$ cat start-v4.txt   # compact mmCIF, C-alpha atoms and all ligand atoms
# COMPACT_ATOMS: atom_id res chain seq x y z
CA MET I 1 106.97 89.41 119.17
CA GLU I 2 107.03 87.16 122.23
CA LEU I 3 104.25 88.13 124.61
CA LEU I 4 104.51 87.84 128.34
CA GLN I 5 101.49 87.15 130.54
CA THR I 6 98.52 89.48 130.07
CA GLY I 7 98.70 92.46 132.46
CA HIS I 8 96.31 92.13 135.38
CA LEU I 9 94.68 95.53 135.70
CA LEU I 10 94.61 96.10 131.96
CA ARG I 11 93.16 92.72 131.01
CA ASN I 12 90.41 93.40 128.41
CA LYS I 13 91.07 97.14 128.63
CA SER I 14 92.19 99.40 125.80
CA VAL I 15 94.94 101.97 126.27
CA ALA I 16 95.31 105.12 124.16
CA ILE I 17 98.72 106.78 124.24
CA VAL I 18 98.64 110.30 122.81
CA GLY I 19 102.01 111.20 121.28
CA GLY I 20 104.58 108.99 119.58
CA GLY I 21 107.75 110.56 120.98
CA PRO I 22 110.32 108.53 122.90
CA GLY I 23 108.05 108.29 125.96
CA GLY I 24 104.89 107.21 124.15
CA LEU I 25 106.54 104.68 121.83
CA THR I 26 108.54 103.13 124.66
CA LEU I 27 105.37 102.73 126.68
CA ALA I 28 103.55 101.14 123.74
CA ARG I 29 106.36 98.61 123.32
CA LEU I 30 106.44 97.76 127.04
CA LEU I 31 102.65 97.33 127.17
CA GLN I 32 102.62 95.16 124.05
CA LEU I 33 105.26 92.91 125.59
CA LYS I 34 102.64 92.25 128.28
CA GLY I 35 99.92 91.53 125.75
CA ILE I 36 97.97 94.74 126.31
CA GLN I 37 95.80 96.38 123.64
CA VAL I 38 97.35 99.74 122.86
CA LYS I 39 97.18 102.42 120.19
CA VAL I 40 99.44 105.44 119.82
CA TYR I 41 97.80 108.53 118.30
CA GLU I 42 100.49 110.71 116.73
CA ARG I 43 100.20 114.16 115.21
CA ASP I 44 102.90 113.60 112.54
CA VAL I 45 101.32 112.69 109.24
CA SER I 46 103.47 109.60 108.71
CA LYS I 47 106.49 107.64 109.82
CA GLU I 48 108.51 109.35 107.11
CA VAL I 49 108.29 112.81 108.72
CA ARG I 50 111.82 113.62 109.76
CA VAL I 51 112.24 113.85 113.50
CA GLN I 52 113.86 117.16 114.40
CA GLY I 53 116.35 117.85 117.11
CA ALA I 54 119.80 116.34 116.79
CA ILE I 55 121.00 113.48 118.90
CA VAL I 56 120.23 112.30 122.41
CA ASP I 57 122.41 110.32 124.79
CA LEU I 58 120.90 107.46 126.75
CA HIS I 59 122.08 106.84 130.29
CA PHE I 60 123.03 103.60 132.01
CA ASP I 61 120.41 103.65 134.76
CA SER I 62 117.54 105.17 132.77
CA GLY I 63 117.28 105.18 128.97
CA LEU I 64 119.64 102.23 128.40
CA ARG I 65 118.05 100.22 131.20
CA VAL I 66 114.62 100.67 129.62
CA ILE I 67 115.93 99.87 126.13
CA ALA I 68 117.31 96.61 127.54
CA ALA I 69 114.03 95.84 129.33
CA ALA I 70 112.18 96.45 126.07
CA GLY I 71 114.41 93.87 124.36
CA LEU I 72 115.89 96.47 122.02
CA MET I 73 119.54 96.64 123.02
CA ASP I 74 120.79 94.87 119.89
CA ALA I 75 118.82 97.26 117.69
CA PHE I 76 120.18 100.19 119.70
CA LYS I 77 123.78 98.97 119.33
CA ALA I 78 123.25 98.70 115.58
CA SER I 79 122.06 102.32 115.32
CA TYR I 80 123.89 104.45 117.90
CA MET I 81 126.65 106.86 116.87
CA PRO I 82 130.01 105.64 118.23
CA GLY I 83 132.22 108.54 119.30
CA ALA I 84 129.46 111.16 119.21
CA ASP I 85 129.39 111.14 123.04
CA LYS I 86 132.87 112.67 123.13
CA PHE I 87 132.84 116.20 124.35
CA ARG I 88 134.83 119.39 123.88
CA LEU I 89 134.59 122.61 125.85
CA VAL I 90 136.10 125.74 124.32
CA ASP I 91 136.07 129.44 125.15
CA LYS I 92 134.74 132.21 122.92
CA ASP I 93 138.05 132.35 121.04
CA GLY I 94 137.90 128.63 120.32
CA ASN I 95 140.67 127.77 122.83
CA MET I 96 140.31 124.23 124.11
CA LEU I 97 139.36 124.03 127.80
CA LEU I 98 138.52 120.34 127.92
CA ASP I 99 138.88 117.67 125.23
CA GLU I 100 137.57 114.15 125.62
CA HIS I 101 138.89 113.26 122.18
CA ALA I 102 142.38 113.49 123.68
CA LYS I 103 141.52 111.17 126.57
CA GLU I 104 142.80 107.58 126.68
CA GLY I 105 140.30 104.74 126.70
CA ASN I 106 136.66 104.83 125.70
CA PRO I 107 133.84 103.79 127.96
CA ASP I 108 131.55 101.18 126.41
CA PHE I 109 128.24 99.41 127.05
CA GLY I 110 128.10 98.14 130.62
CA ASP I 111 130.11 101.07 131.97
CA PRO I 112 127.82 103.35 134.03
CA HIS I 113 129.62 106.39 132.58
CA PHE I 114 128.95 105.42 128.98
CA ARG I 115 126.27 107.65 127.44
CA PRO I 116 125.94 106.59 123.81
CA GLU I 117 124.37 109.11 121.48
CA ILE I 118 121.70 108.23 118.96
CA ASP I 119 119.88 110.27 116.35
CA ARG I 120 116.32 110.96 117.46
CA GLY I 121 114.99 109.60 114.19
CA ALA I 122 116.96 106.36 114.60
CA LEU I 123 115.63 105.94 118.14
CA ARG I 124 112.11 106.51 116.90
CA ASN I 125 112.60 103.89 114.16
CA ILE I 126 113.89 101.29 116.62
CA LEU I 127 110.79 101.76 118.75
CA LEU I 128 108.41 101.86 115.77
CA ASP I 129 109.88 98.71 114.24
CA ALA I 130 109.29 96.87 117.51
CA LEU I 131 105.56 97.63 117.60
CA MET I 132 102.82 95.47 116.13
CA PRO I 133 101.65 96.68 112.73
CA GLY I 134 98.99 99.38 112.96
CA THR I 135 99.83 100.35 116.55
CA VAL I 136 100.60 103.95 115.62
CA VAL I 137 97.72 105.91 114.12
CA TRP I 138 99.45 108.70 112.21
CA ASN I 139 98.01 112.08 111.32
CA SER I 140 95.97 112.06 114.55
CA GLN I 141 96.44 115.29 116.42
CA LEU I 142 94.32 115.18 119.55
CA THR I 143 92.05 118.21 119.77
CA ALA I 144 89.64 117.28 122.60
CA MET I 145 88.50 114.50 124.90
CA GLU I 146 85.26 113.66 126.58
CA GLN I 147 84.39 111.16 129.29
CA VAL I 148 81.86 108.59 128.10
CA GLY I 149 80.88 106.34 131.02
CA ASP I 150 84.15 104.91 132.40
CA ALA I 151 86.01 105.49 129.13
CA TRP I 152 87.36 108.45 127.18
CA GLN I 153 86.40 109.53 123.70
CA LEU I 154 89.29 111.18 121.89
CA SER I 155 88.74 113.52 118.93
CA PHE I 156 91.37 114.29 116.34
CA ASN I 157 91.94 117.11 113.90
CA ASN I 158 91.37 114.79 110.93
CA GLY I 159 87.75 114.39 112.01
CA THR I 160 88.13 110.89 113.44
CA ALA I 161 87.48 109.75 117.01
CA ALA I 162 88.51 106.82 119.19
CA VAL I 163 87.47 105.39 122.54
CA ALA I 164 89.81 104.00 125.19
CA ASP I 165 89.53 102.80 128.78
CA VAL I 166 92.81 104.40 129.84
CA VAL I 167 94.50 107.48 128.31
CA ILE I 168 98.17 108.29 128.73
CA GLY I 169 99.33 111.72 127.61
CA ALA I 170 102.82 111.50 126.08
CA ASP I 171 102.29 114.50 123.84
CA GLY I 172 105.13 116.69 125.01
CA TYR I 173 105.31 120.16 126.51
CA ARG I 174 102.24 121.60 124.81
CA SER I 175 100.21 118.56 125.80
CA LYS I 176 96.52 118.54 124.90
CA VAL I 177 95.95 115.76 127.44
CA ARG I 178 97.47 117.64 130.38
CA PRO I 179 94.53 120.06 130.90
CA TYR I 180 92.32 117.02 131.62
CA VAL I 181 94.69 116.12 134.47
CA THR I 182 95.79 119.48 135.86
CA ASN I 183 95.56 123.18 135.07
CA ILE I 184 99.10 123.92 136.32
CA LYS I 185 100.86 125.92 133.60
CA ALA I 186 104.50 126.14 132.53
CA LEU I 187 106.79 128.94 133.71
CA TYR I 188 109.65 130.62 131.85
CA SER I 189 113.15 129.64 133.04
CA GLY I 190 114.80 132.89 131.91
CA ALA I 191 116.81 131.19 129.16
CA THR I 192 116.07 130.98 125.45
CA ILE I 193 117.81 128.92 122.80
CA ILE I 194 118.14 129.84 119.16
CA GLN I 195 118.40 126.47 117.45
CA GLY I 196 119.99 126.20 114.02
CA GLU I 197 120.28 123.35 111.52
CA ILE I 198 123.02 122.96 108.93
CA GLU I 199 122.62 120.28 106.31
CA GLU I 200 126.17 119.94 105.00
CA PRO I 201 128.51 121.32 107.66
CA GLU I 202 131.61 119.85 106.04
CA LYS I 203 131.02 122.19 103.09
CA GLU I 204 129.11 125.06 104.70
CA CYS I 205 131.18 125.67 107.87
CA PRO I 206 134.27 123.45 107.54
CA GLU I 207 136.18 124.96 110.46
CA MET I 208 133.33 124.32 112.83
CA TYR I 209 132.93 120.82 111.40
CA THR I 210 136.57 120.09 112.15
CA LEU I 211 136.32 121.55 115.64
CA LEU I 212 133.31 119.37 116.38
CA GLN I 213 135.11 116.10 115.51
CA GLN I 214 131.68 114.47 115.13
CA GLY I 215 131.13 114.89 118.87
CA ASN I 216 129.55 117.39 121.26
CA LEU I 217 131.00 120.87 121.52
CA ILE I 218 130.16 123.65 123.95
CA ALA I 219 131.60 127.13 123.58
CA MET I 220 131.22 129.38 126.60
CA GLY I 221 131.74 133.11 126.89
CA ALA I 222 130.50 135.65 129.40
CA GLY I 223 126.70 135.54 129.43
CA LYS I 224 126.17 133.30 126.42
CA SER I 225 127.03 129.89 125.02
CA ILE I 226 126.85 127.80 121.86
CA ALA I 227 126.37 124.03 121.87
CA ALA I 228 126.79 122.02 118.67
CA GLN I 229 126.21 118.37 117.85
CA PRO I 230 126.32 116.19 114.74
CA ARG I 231 123.08 114.69 113.43
CA GLY I 232 122.78 111.09 112.33
CA ASP I 233 122.24 112.18 108.70
CA GLY I 234 125.52 114.12 108.50
CA GLY I 235 123.94 117.47 109.37
CA LEU I 236 124.69 119.58 112.41
CA THR I 237 122.45 121.16 115.05
CA PHE I 238 123.50 124.07 117.22
CA TYR I 239 121.93 125.89 120.12
CA ALA I 240 122.91 129.50 120.83
CA SER I 241 121.73 130.11 124.40
CA SER I 242 121.48 133.12 126.65
CA LEU I 243 119.19 134.76 129.17
CA TYR I 244 116.45 136.80 127.51
CA PRO I 245 113.34 138.46 128.93
CA GLU I 246 110.10 136.50 128.88
CA ASN I 247 108.35 136.83 125.50
CA TRP I 248 111.58 138.09 123.94
CA VAL I 249 110.90 135.99 120.83
CA SER I 250 107.78 138.03 120.06
CA THR I 251 109.01 141.38 121.37
CA SER I 252 112.54 141.32 119.86
CA GLY I 253 111.30 142.47 116.46
CA ILE I 254 113.31 139.68 114.82
CA ASP I 255 111.53 137.65 112.17
CA PHE I 256 112.86 134.19 112.99
CA ASN I 257 111.73 132.93 109.58
CA ASN I 258 114.15 135.36 107.98
CA SER I 259 117.62 133.84 108.39
CA GLU I 260 119.38 137.10 107.48
CA GLU I 261 117.63 138.94 110.31
CA VAL I 262 118.53 136.20 112.78
CA TYR I 263 122.12 136.18 111.55
CA ALA I 264 122.36 139.96 111.98
CA TRP I 265 121.18 139.61 115.57
CA LEU I 266 123.60 136.77 116.37
CA GLU I 267 126.50 138.57 114.69
CA SER I 268 126.04 141.58 116.93
CA TYR I 269 125.18 139.62 120.09
CA TYR I 270 128.23 137.38 119.69
CA GLN I 271 130.51 140.25 118.75
CA GLY I 272 134.12 139.52 119.77
CA TRP I 273 133.70 135.74 119.42
CA SER I 274 135.96 133.74 117.13
CA PRO I 275 134.99 133.95 113.42
CA VAL I 276 134.52 130.18 113.48
CA PHE I 277 131.26 130.66 115.41
CA LEU I 278 130.08 133.49 113.18
CA SER I 279 130.67 131.25 110.15
CA LEU I 280 128.49 128.66 111.86
CA PHE I 281 125.66 131.19 112.16
CA LYS I 282 126.22 132.37 108.60
CA ALA I 283 125.91 128.83 107.24
CA CYS I 284 122.50 128.40 108.83
CA THR I 285 119.31 129.03 106.89
CA ARG I 286 116.84 127.50 109.36
CA PHE I 287 116.57 128.95 112.88
CA VAL I 288 114.04 128.06 115.59
CA PRO I 289 113.80 130.12 118.78
CA ARG I 290 112.99 128.06 121.88
CA PRO I 291 112.15 129.79 125.15
CA LEU I 292 112.93 127.19 127.83
CA ASN I 293 109.91 126.61 130.03
CA TYR I 294 109.28 124.23 132.91
CA PHE I 295 106.45 122.98 135.05
CA PRO I 296 106.71 124.11 138.70
CA LEU I 297 108.77 121.71 140.80
CA ASP I 298 106.10 121.56 143.52
CA GLN I 299 103.28 120.75 141.10
CA TYR I 300 100.74 118.34 142.53
CA TRP I 301 97.38 117.06 141.39
CA ASN I 302 95.09 114.35 142.69
CA ALA I 303 95.50 111.25 140.56
CA GLN I 304 92.64 110.71 138.11
CA PRO I 305 91.11 107.23 137.79
CA ASN I 306 91.98 106.44 134.16
CA ILE I 307 94.23 109.12 132.73
CA THR I 308 97.82 110.14 133.41
CA LEU I 309 100.86 111.84 131.86
CA ILE I 310 104.43 110.83 131.07
CA GLY I 311 107.53 112.67 129.86
CA ASP I 312 107.48 116.37 129.05
CA ALA I 313 103.68 116.47 129.28
CA ALA I 314 104.06 115.61 132.97
CA HIS I 315 107.24 117.44 133.97
CA LEU I 316 108.73 119.68 131.32
CA MET I 317 112.12 120.95 132.45
CA PRO I 318 114.93 122.89 130.76
CA PRO I 319 117.18 120.58 128.72
CA SER I 320 119.82 118.91 130.88
CA GLY I 321 120.35 115.69 128.94
CA GLU I 322 117.70 113.89 131.00
CA GLY I 323 114.42 114.54 129.14
CA VAL I 324 114.32 111.50 126.87
CA ASN I 325 115.81 109.29 129.56
CA THR I 326 113.19 110.41 132.06
CA ALA I 327 110.32 109.97 129.60
CA MET I 328 111.49 106.38 129.09
CA LEU I 329 111.70 105.78 132.83
CA ASP I 330 108.17 107.16 133.22
CA ALA I 331 107.05 104.69 130.55
CA TRP I 332 108.66 101.87 132.47
CA ASP I 333 107.17 102.93 135.82
CA VAL I 334 103.61 103.44 134.57
CA CYS I 335 103.72 100.11 132.74
CA GLU I 336 105.01 98.32 135.85
CA CYS I 337 102.45 99.92 138.16
CA LEU I 338 99.61 98.94 135.81
CA THR I 339 100.78 95.38 135.29
CA ASP I 340 102.87 94.11 138.21
CA GLY I 341 99.90 92.96 140.28
CA LYS I 342 100.77 95.10 143.31
CA TYR I 343 97.77 97.43 143.04
CA THR I 344 94.12 96.55 143.46
CA ASP I 345 92.78 98.82 140.73
CA ILE I 346 93.83 101.21 137.96
CA PRO I 347 93.36 104.42 140.02
CA ALA I 348 95.68 103.05 142.73
CA ALA I 349 98.26 102.06 140.10
CA ILE I 350 98.11 105.53 138.50
CA ALA I 351 98.47 107.21 141.90
CA ALA I 352 101.52 105.05 142.70
CA TYR I 353 103.10 105.80 139.32
CA GLU I 354 102.55 109.54 139.69
CA GLN I 355 104.19 109.51 143.10
CA GLN I 356 107.33 107.87 141.64
CA MET I 357 107.29 110.15 138.60
CA ARG I 358 106.98 113.32 140.70
CA ALA I 359 109.68 112.26 143.18
CA ARG I 360 112.11 111.78 140.30
CA ALA I 361 111.09 114.88 138.37
CA VAL I 362 111.48 117.20 141.34
CA VAL I 363 115.15 116.22 141.74
CA LEU I 364 115.99 116.33 138.02
CA GLY I 365 113.95 119.49 137.48
CA LYS I 366 115.83 121.29 140.24
CA GLU I 367 119.18 120.24 138.79
CA ALA I 368 118.07 121.36 135.33
CA LEU I 369 116.88 124.74 136.60
CA ASP I 370 120.01 125.26 138.70
CA SER I 371 122.26 124.49 135.75
CA ILE I 372 120.40 126.24 132.93
CA LYS I 373 121.54 129.71 133.95
CA ASP I 374 125.16 128.57 134.20
CA PHE I 375 124.83 126.94 130.80
CA ALA I 376 122.98 129.73 129.02
CA ALA I 377 124.83 132.60 130.66
CA PRO I 378 128.10 131.24 132.00
CA SER I 379 130.40 133.11 134.36
CA GLU I 380 134.11 132.45 134.83
CA GLU I 381 133.21 130.42 137.97
CA SER I 382 130.61 128.30 136.21
CA VAL I 383 133.04 127.48 133.40
CA GLN I 384 135.64 126.39 135.95
CA ALA I 385 133.03 124.30 137.76
CA MET I 386 132.11 122.62 134.49
CA ILE I 387 135.74 121.85 133.70
CA GLN I 388 136.15 120.24 137.09
CA GLN I 389 132.92 118.31 136.92
CA LEU I 390 133.36 116.98 133.38
CA GLY I 391 137.09 116.59 133.65
CA ALA I 392 136.57 114.29 136.62
CA GLY I 393 133.89 112.19 134.85
C1 LIG I 401 116.83 122.21 122.61
C2 LIG I 401 116.56 120.94 123.34
C3 LIG I 401 117.56 119.97 123.46
C4 LIG I 401 117.32 118.79 124.15
N1 LIG I 401 118.33 117.86 124.27
C5 LIG I 401 118.10 116.73 124.95
C6 LIG I 401 119.13 115.73 125.09
O1 LIG I 401 120.25 115.88 124.60
N2 LIG I 401 118.86 114.61 125.80
C7 LIG I 401 117.63 114.39 126.35
O2 LIG I 401 117.44 113.33 127.00
N3 LIG I 401 116.64 115.29 126.24
C8 LIG I 401 116.85 116.43 125.56
N4 LIG I 401 115.84 117.36 125.44
C9 LIG I 401 114.55 117.09 126.06
C10 LIG I 401 113.77 116.06 125.26
O3 LIG I 401 113.66 116.50 123.91
C11 LIG I 401 112.38 115.83 125.81
O4 LIG I 401 112.41 115.77 127.23
C12 LIG I 401 111.81 114.51 125.29
O5 LIG I 401 111.74 114.53 123.87
C13 LIG I 401 110.43 114.26 125.88
O6 LIG I 401 109.89 113.09 125.30
P1 LIG I 401 108.32 112.92 125.23
O7 LIG I 401 108.11 111.59 124.60
O8 LIG I 401 107.73 113.17 126.58
O9 LIG I 401 107.79 114.10 124.33
P2 LIG I 401 108.18 114.57 122.86
O10 LIG I 401 109.51 114.11 122.46
O11 LIG I 401 107.89 116.04 122.81
O12 LIG I 401 107.13 113.81 121.94
C14 LIG I 401 105.78 114.20 121.90
C15 LIG I 401 105.12 113.57 120.69
O13 LIG I 401 103.74 113.89 120.74
C16 LIG I 401 103.31 114.36 119.49
N5 LIG I 401 102.19 115.28 119.74
C17 LIG I 401 102.22 116.52 120.25
N6 LIG I 401 100.99 117.03 120.38
C18 LIG I 401 100.14 116.06 119.95
C19 LIG I 401 98.72 115.98 119.87
N7 LIG I 401 97.92 116.99 120.23
N8 LIG I 401 98.17 114.83 119.39
C20 LIG I 401 98.97 113.79 119.00
N9 LIG I 401 100.32 113.82 119.07
C21 LIG I 401 100.90 114.94 119.55
C22 LIG I 401 104.54 115.03 118.88
O14 LIG I 401 104.45 115.09 117.47
C23 LIG I 401 105.65 114.11 119.38
O15 LIG I 401 105.86 113.03 118.48
C24 LIG I 401 116.06 118.56 124.73
C25 LIG I 401 115.05 119.51 124.60
C26 LIG I 401 115.30 120.69 123.90
C27 LIG I 401 114.19 121.72 123.79

$ encode --input "start-v4.txt" --output "structure tokens"
Amino acid sequence: MELLQTGHLLRNKSVAIVGGGPGGLTLARLLQLKGIQVKVYERDVSKEVRVQGAIVDLHFDSGLRVIAAAGLMDAFKASYMPGADKFRLVDKDGNMLLDEHAKEGNPDFGDPHFRPEIDRGALRNILLDALMPGTVVWNSQLTAMEQVGDAWQLSFNNGTAAVADVVIGADGYRSKVRPYVTNIKALYSGATIIQGEIEEPEKECPEMYTLLQQGNLIAMGAGKSIAAQPRGDGGLTFYASSLYPENWVSTSGIDFNNSEEVYAWLESYYQGWSPVFLSLFKACTRFVPRPLNYFPLDQYWNAQPNITLIGDAAHLMPPSGEGVNTAMLDAWDVCECLTDGKYTDIPAAIAAYEQQMRARAVVLGKEALDSIKDFAAPSEESVQAMIQQLGAG
């Protein structure tokens, strides 16, 4: 790896990143390019643990820009999923409302509208392969931290501990680092997703597989929707979304580990929908309910001298296709603030980063909240608006 000049504020300092998701690994790569000592402490027991959660699309002015800055565009181009960005919108009967597969011409790299999709596991591997050996300390779930002089001591569930001068929490929406920065808690958006995984969709739900065309599909009916995407390993992920009361997952009486119980619920809730969607539910043996939470848009805390947050740990929002992209932009911004020589000390650099991060998150968070209800519980008007918006894109 070719190293650039040693970062000013972090010269002779050690950085601990907690969490090896897209935000944490991107940050580690960017810091190492500047010659900074960094470790990533990750809860997963090893690199081989399969990363869950379908595919993500990277955007021109965020995720792709950071991938390029990290020197990883060639690796990305070798691993993305051509064609998976194509999109279909159908109604509850499976009638086509919008079909990008039928459109002429495909956007490509360099086009601001091109949003290539990549399997989460492939993205993780690209970032991992770019790090110096031993950067990621696996099987290290942070359980507590303590300030020791000007540094932090981190304790992990495997009984080990580590010390670092600067801690960056990239440990997602249930962050263990966040309480050391702020006590602001997440709120419920009103929408819940039931996520399902199908290993061999070609065999297990062939009609749905054909409808998907190895791209993104959204089916919208009054008050509920289904989104489906291919996975990089040939599997399929779907999200059945609707508005449910807070704590519905625990109060519904459904045992989400029992796929027959979940299927029975979905069969009755999606009554009147095309059999193709019911066959999708039937093919699924692994469901995960996900209430969609978010951190308040007006959240504010005074910057701490040597600890900060990036990605979902900082600004969880309902999914809107921006989460991974934003986590990568946070990584870029915090790395720049700490190393570009503009700030006199680390606290000033962290304060500047957090201002940029919050300004961005408030805009994206509002868009995500505004759109989640239309997505999870569409009306005729919201479907028409989506057709216009996506049809124009
Ligand atoms: C259903 C759904 C669909 C989504 N679809 C998209 C999409 O299409 N596009 C998109 O851009 N975004 C999408 N998102 C949002 C996206 O997943 C997140 O915004 C993004 O993953 C955040 O990245 P991160 O690095 O901040 O955190 P995460 O990806 O959550 O990574 C956190 C990492 O920290 C580790 N960790 C957690 N706790 C600890 C601990 N105590 N100690 C050590 N390690 C720990 C975890 O194992 C994980 O590796 C979706 C979200 C959901 C729920």

$ closest_residue --input "start-v4.txt" --among "I:Asn257, I:Asn216, I:Asn106, I:Ser379" --to "ligand LIG 401 (chain I)" --atoms "only C-alpha atoms and all ligand atoms"
I:Asn216

$ residues_around --input "start-v4.txt" --residues "I:Ser320" --least-positions-apart "2" --cutoff "9 Å" --atoms "all atoms listed in the file" --output "compact mmCIF listing (two decimals) with C-alpha atoms, in the coordinates of the input"
# COMPACT_ATOMS: atom_id res chain seq x y z
CA MET I 317 112.12 120.95 132.45
CA PRO I 318 114.93 122.89 130.76
CA GLU I 322 117.70 113.89 131.00
CA GLY I 323 114.42 114.54 129.14
CA LEU I 364 115.99 116.33 138.02
CA GLY I 365 113.95 119.49 137.48
CA GLU I 367 119.18 120.24 138.79
CA ALA I 368 118.07 121.36 135.33
CA LEU I 369 116.88 124.74 136.60
CA SER I 371 122.26 124.49 135.75
CA ILE I 372 120.40 126.24 132.93

$ residues_near_ligand --input "start-v4.txt" --ligand "ligand LIG 401 (chain I)" --cutoff "7 Å" --atoms "all atoms listed in the file" --output "PyMOL selection string"
chain I and resi 18-24+41-44+53+55-58+140-143+170-176+193+195+239+290+292+310-313+316+319-325+327

$ residues_around --input "start-v4.txt" --residues "I:Val383" --least-positions-apart "2" --cutoff "10 Å" --atoms "all atoms listed in the file" --output "PyMOL selection string"
chain I and resi 89-91+97+219-222+374-375+378-381+385-389

$ atom_distance --input "start-v4.txt" --atom1 "atom CA of I:Lys47" --atom2 "atom CA of I:Leu127"
11.5 Å
